[in-house]
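Structure first, commentary second.
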Amino acid sequence: MRTRIFLLLGAMAGATAAVARERLCEVNVNVTLTEEGRKFRPATPEHPVYYFPLLADWREDEAVEPGEEPPERAVLTKPLVRALIREGYHVASTKTPPPTLLLVFYWGAISAEFEDMSDDPEEPDPVPLNEKEMLTLVGASPVHNLHMSIERQRVLNAAAEDRYFVIVTAYDYAAALKKKKTMLWQARMSTPAQGVSMPDVVKSLVDSGAPQFGREMKRPRWIRAKVREGSVEVGEAVVVPDAPGAKGPPEKAGAAAGKE
């Protein structure tokens with residue numbers, strides 16, 4: 001009996017340690033649609049939508065540790081493509097129906113920037129320099145819908161934090177072929193950058209946001225998601241040629257992707 005008790009206590013201690021090691025991040029998700037975007041139905045696994053992807057460059061505004069190297073593109077593309085497939089969004093190829101969407105993937109890190117406008121060093125007066133950009137990232141564009149002061153303050157607080165982000169913007173593919181930039185919807189996912197790296201949270205960002213792609217949100221959503229522990233697997237991800245309308249099968253990861 002005593003041996004069994006010791007084994008049980010040991011198993012409980014191991015489980016407790018595993019729970020203690022689990023880290024969570026808070027992902028902010030918000031999606032906005034244009035009038036044109038409301039005419040397009042969102043994808044579902046039963047009724048898939050085909051798209052042409054473009055991956056923009058990594059962007060950072062001092063929200064990462066000095067000297068930190070930008071992640072490899074596959075760190076984003078692999079979990080993002082998988083999340084899109086689960087929701088019914090598939091990369092178009094010569095073996096699929098033609099694309100209806102041009103999806104631009106944009107990722108990076110951004111800092112809330114302030115400048116002290118006070119002449120008194122003991123009474124600083126910080127003025128935000130990129131407040132509009134930060135508020136848009138965390139879903140404050142429909143901030144008038146946030147009636148509760150607590151919810152509104154949560155958005156404002158998030159806009160004052162350094163954040164990692166992934167942005168997916170959908171355009172009308174047919175219009176893009178005619179050199180017209182017709183945006184349909186934009187999904188923004190971000191999380192505080194303190195204490196984590198982009199590879200730690202990129203899967204949490206895309207998994208939290210993908211179910212909302214193409215679906216309008218009246219207010220931002222906050223999702224608790226696991227932070228990656230240990231090493232990340234970076235494998236091949238499918239990308240496509242640089243220009244919309246280019247012919248040929250998808251290329252492997254590492255091929256040049258277009259920019260927004």
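Residues are named by chain letter and number: chains run A, B, ... in the order of the structure tokens, numbers start at 1 in each chain, and ligands are numbered from 1 in the order shown.
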Write out as a list in words the residues lying within 9 Å of A:Pro199, counting only C-alpha atoms and excluding same-chain residues fewer than 2 positions away.
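The contact residues come out as Pro71, Val75, Leu76, Val196, Ser197, Val201, Val202, Lys203, Arg228 and Val232 of chain A.
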Give me, as a list in words, all polymer residues having an atom no more than 10 Å from A:Arg23, counting only C-alpha atoms and skipping those fewer than 4 positions away in the same chain.
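My reading of the contact set: Val19, Val196, Arg224, Ala225, Lys226, Val227, Arg228 and Glu229 of chain A.
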Would you mind exporting C-alpha atoms of the selected residues as an mmCIF file, in the first residue's frame?
```cif
data_model
loop_
_atom_site.group_PDB
_atom_site.id
_atom_site.type_symbol
_atom_site.label_atom_id
_atom_site.label_comp_id
_atom_site.auth_asym_id
_atom_site.auth_seq_id
_atom_site.Cartn_x
_atom_site.Cartn_y
_atom_site.Cartn_z
ATOM 1 C CA VAL A 19 0.752 22.162 -15.449
ATOM 2 C CA VAL A 196 8.001 35.338 -25.518
ATOM 3 C CA ARG A 224 -6.183 32.307 -23.936
ATOM 4 C CA ALA A 225 -3.824 30.077 -25.907
ATOM 5 C CA LYS A 226 -0.806 27.918 -25.141
ATOM 6 C CA VAL A 227 2.699 29.248 -25.658
ATOM 7 C CA ARG A 228 4.977 26.834 -27.481
ATOM 8 C CA GLU A 229 7.464 25.043 -25.263
#
```
Just give me the gap between atom CA of A:Leu24 and atom CA of A:Thr44 in Å, one decimal is fine.
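According to the coordinates, atom CA of A:Leu24 and atom CA of A:Thr44 are separated by 28.2 Å.
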So how many Å separate atom CA of A:Leu103 and atom CA of A:Gln194, to one decimal?
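The value is 28.8 Å.
For the residues A:Arg163, A:Lys78, A:Lys95, A:Lys180, ranking by smallest atom-to-atom distance to A:Met198 using only C-alpha atoms places A:Arg163 first.
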Which neighbours of A:Pro192 fall inside 9 Å, counting only C-alpha atoms, when residues of the same chain fewer than 2 positions from it are skipped, and could you give them as a list in words?
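Surrounding residues, per the criterion: Cys25, Glu26, Val27, Ala158, Glu161, Asp162, Arg163, Tyr164, Phe165, Ser190, Gln194, Gly195 and Val196 of chain A.
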For the selection just defined, write its residues with C-alpha atoms to a file, as a PDB file, in the first residue's frame.
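In the end it all went to selection.pdb:
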```pdb
ATOM      1  CA  CYS A  25      -0.705  34.023 -23.908  1.00  0.00           C
ATOM      2  CA  GLU A  26      -3.695  36.263 -24.464  1.00  0.00           C
ATOM      3  CA  VAL A  27      -4.467  36.599 -28.161  1.00  0.00           C
ATOM      4  CA  ALA A 158      -3.489  46.451 -25.218  1.00  0.00           C
ATOM      5  CA  GLU A 161       1.872  47.217 -25.173  1.00  0.00           C
ATOM      6  CA  ASP A 162       4.649  45.870 -27.371  1.00  0.00           C
ATOM      7  CA  ARG A 163       3.007  43.136 -29.455  1.00  0.00           C
ATOM      8  CA  TYR A 164       3.684  40.358 -31.945  1.00  0.00           C
ATOM      9  CA  PHE A 165       1.115  40.235 -34.715  1.00  0.00           C
ATOM     10  CA  SER A 190      -1.737  39.951 -31.805  1.00  0.00           C
ATOM     11  CA  GLN A 194       7.031  40.489 -23.312  1.00  0.00           C
ATOM     12  CA  GLY A 195       8.622  37.212 -22.255  1.00  0.00           C
ATOM     13  CA  VAL A 196       8.001  35.338 -25.518  1.00  0.00           C
TER      14      VAL A 196
END
```
Please provide as a PyMOL selection string all residues within 8 Å of A:Arg188, with the sequence filter that same-chain residues fewer than 4 positions apart are discarded (counting only C-alpha atoms).
chain A and resi 28-31+137-139+165-168+209
Can you work out the spacing between atom CA of A:Met217 and atom CA of A:Ala187 in Å, to one decimal?
9.7 Å
Which is closer to A:Pro220 than all the others in A:Asn157, A:Thr77, A:Thr182, A:Thr32, using only C-alpha atoms?
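Under the stated criterion, the closest residue is A:Thr32.
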Pick from A:Val49, A:Val155, A:Leu55, A:Ile223, whichever lies nearest to A:Asp207 using only C-alpha atoms
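Among A:Val49, A:Val155, A:Leu55, A:Ile223, it is A:Ile223 that comes nearest to A:Asp207.
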Of the listed residues A:Phe40, A:Lys218, A:Glu22, A:Val91, that which approaches A:Met183 most closely, counting only C-alpha atoms:
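Closest to A:Met183, using only C-alpha atoms: A:Phe40.
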Please give the complete set of residues from stretch 22-197 of chain A that DSSP, run on the backbone, assigns to alpha helix (DSSP H), formatted as a PyMOL selection string.
chain A and resi 73-87+131-137+149-158+173-177
Would you give me, as a VMD selection string, the residues in stretch 126-222 of chain A that DSSP reads as strand (DSSP E or B)?
chain A and resid 126 to 128 163 to 172 183 to 192 221 to 222
